[in-house]
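Chemist: Quick one: this structure, given as structure tokens, is what I'll be asking you about.
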Amino acid sequence: MHKPVLIIGGGFAGVYTARELLRHGMPVTLVSETNYFTFTPLLHEVATGSLVSHDVVFEYESFFHDPRFRFVRGRPTTIDRARRVVEVAGVEEPYAALVIAVGAVTNAYAIEGAEQAFVLKNVEDAIRLKRALIAQVQEEDRTVTVNVIGGGPTGIELVMEINLLLRQIRTQESKTRFHLRVIHAGKGLCSTDRRSVQAYVGRALSRAGIEVVCEATAKRIEKTRVSTSRGEFPSDVTILCAGVRPHTDWLRGILALDGRGHIPVNCFLQSVEDDRVFALGDAAAEDGTPLPKLAQTAVRQARVVARNILRAGQGRALRPYTPKVLGTLLSLGWGDAIGTIGRIVVKGPMAWYLWRTVYLFKTPGLSNKLRVAFTWTTGLFQGRNVTEI
């Protein structure tokens, strides 16, 4: 039997690489610490009751339904590139080609006490955050102050959804009081140079009564407050959404990494030091520039990597990956969104419906698409799920 392509990481990059290879008859071994894929762009809806956890996850083996697919649960400990094996939980897994798609973890930026903050990288994080919000607002005084550190897309989408969750709770209990604040290190929100987008987001936050503090760098996080370069702010729930860094610490001494922890790759997405090792997604950088950390680009990179592995096996010339962002969409709560499609700016209800449609079609698998669509539809009539799970 031919050695499989071994993929480390089961996010967008890993899953779509596996799917493309399986379509072409290649055996695949996928290594992950969990046995399920998480649709991370919708985690903020799990944390605020628009979706439940099983809407955004699926088990790898039940999804692929292919005898050439094999799942290995565990964390890789070392890679022997000379023998082409990866050690996982003390067992050596052979490979013909290795794909590293390990994604990213939250970047704490050396903030003192960052472990006190909530993050939003997986389903468990989303459930913990939801429990904290509901528990805090249902205490005797029924008040909560929430600070979101980071005014990028994740932070903005999350704070707008928290606002809607707490407003729904307030309709059931009029004594509920809350204050939401976004603390952002940059001058403009959403990491975009489109001033019209920044202005629209700013107006949406203002209408929602959400305080925005820009050019404020978080220095220390405590249980009841956040200290920044612009002063201290009270906080019952602090959420860190300031950015991510590659999940590659375990690779130090195994592969060359740049100063920020990315794996340097060439235009074919091969490691610059081993042409049988490919890297993509949040973990890779070409010519010192990190590849775009977006689901849409991870999917495009996965196709390039899979086809280059096939081409290499056939002795054919490889094809380069060209970074390209087709557009961005940002949800601003029920019925409102803004985004760009090429040079066109879309906003309002049309952008929101487009946002939901795009994310629905990005969800891998028909059954998963139907499940998300069903939960969204029932939510129109039942409101958000305000249980703590």
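A note on labels: chains of the structure tokens are A, B, ... as shown, every chain counts residues from 1, and ligands are counted from 1 in their shown order.
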Excluding Asp141 of chain A and its own-chain neighbours fewer than 5 positions away, which residues fall within 10 Å of it when counting only C-alpha atoms? Please give them as a VMD selection string.

Modeler: chain A and resid 136 175 to 177

Chemist: Identify, on the basis of only C-alpha atoms, every residue whose closest approach to Arg128 of chain A does not exceed 9 Å; exclude the query and any residue fewer than 6 positions from it along the same chain; express the result as a list in words.

Modeler: Ala47, Phe118, Glu388 and Ile389 of chain A

Chemist: Atom CA of Phe12 of chain A and atom CA of Ala295 of chain A are how many Å apart?

Modeler: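 Separating atom CA of Phe12 of chain A from atom CA of Ala295 of chain A is a distance of 6.3 Å.
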
Chemist: Can you tell me, as a PyMOL selection string, what residues are no more than 12 Å from segment 182-188 of chain A when counting only C-alpha atoms, ignoring any on the same chain fewer than 3 positions away?

Modeler: chain A and resi 109+145-160+162-163+179+191-202+205-206+209-219+226-233+235+238-243

Chemist: Which one of A:Met350, A:Val56, A:Met26, A:Val305 sits closest to Ala126 of chain A if you count only C-alpha atoms?

Modeler: A:Val56

Chemist: Could you list, as a ChimeraX atom specification, every residue within 7 Å of segment 311-325 of chain A, counting only C-alpha atoms and ignoring same-chain residues fewer than 4 positions away?

Modeler: /A:267-268,297,301,304,307

Chemist: Restricting it to N, CA and C atoms, dump the selection as a CSV table (one decimal), in the first residue's frame.

Modeler:
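What landed in part-v5.csv:
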chain,number,residue,atom,x,y,z
A,267,CYS,N,6.6,29.7,-3.3
A,267,CYS,CA,5.3,30.0,-4.0
A,267,CYS,C,4.4,28.8,-4.2
A,268,PHE,N,5.0,27.6,-4.1
A,268,PHE,CA,4.2,26.4,-4.2
A,268,PHE,C,3.7,25.9,-2.9
A,297,THR,N,-9.1,32.0,2.1
A,297,THR,CA,-7.8,31.8,1.5
A,297,THR,C,-7.2,30.4,1.9
A,301,GLN,N,-5.7,27.8,-0.7
A,301,GLN,CA,-4.4,27.2,-0.5
A,301,GLN,C,-4.5,25.7,-0.4
A,304,VAL,N,-4.5,24.2,-3.8
A,304,VAL,CA,-3.1,24.3,-4.4
A,304,VAL,C,-2.2,23.3,-3.9
A,307,ARG,N,-3.2,19.7,-5.1
A,307,ARG,CA,-2.9,19.4,-6.5
A,307,ARG,C,-1.4,19.4,-6.8

Chemist: Which residue, A:Thr387, A:Thr248, A:Gln270, A:Thr328, has the smallest gap to Thr340 of chain A when you use only C-alpha atoms?

Modeler: A:Thr328

Chemist: Residues within 8 Å of segment 78-84 of chain A, please, as an NGL selection string. Count only C-alpha atoms; anything in the same chain fewer than 2 positions from it doesn't count.

Modeler: :A and (76 or 86-88 or 94-96 or 251 or 254)

Chemist: In Å, how far is it from atom CA of Arg225 of chain A to atom CA of Leu164 of chain A?

Modeler: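 Atom-to-atom, atom CA of Arg225 of chain A and atom CA of Leu164 of chain A are spaced 23.1 Å apart.
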
Chemist: Between atom CA of Asn266 of chain A and atom CA of Val85 of chain A, what is the spacing in Å?

Modeler: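 These two atoms are separated by 22.4 Å.
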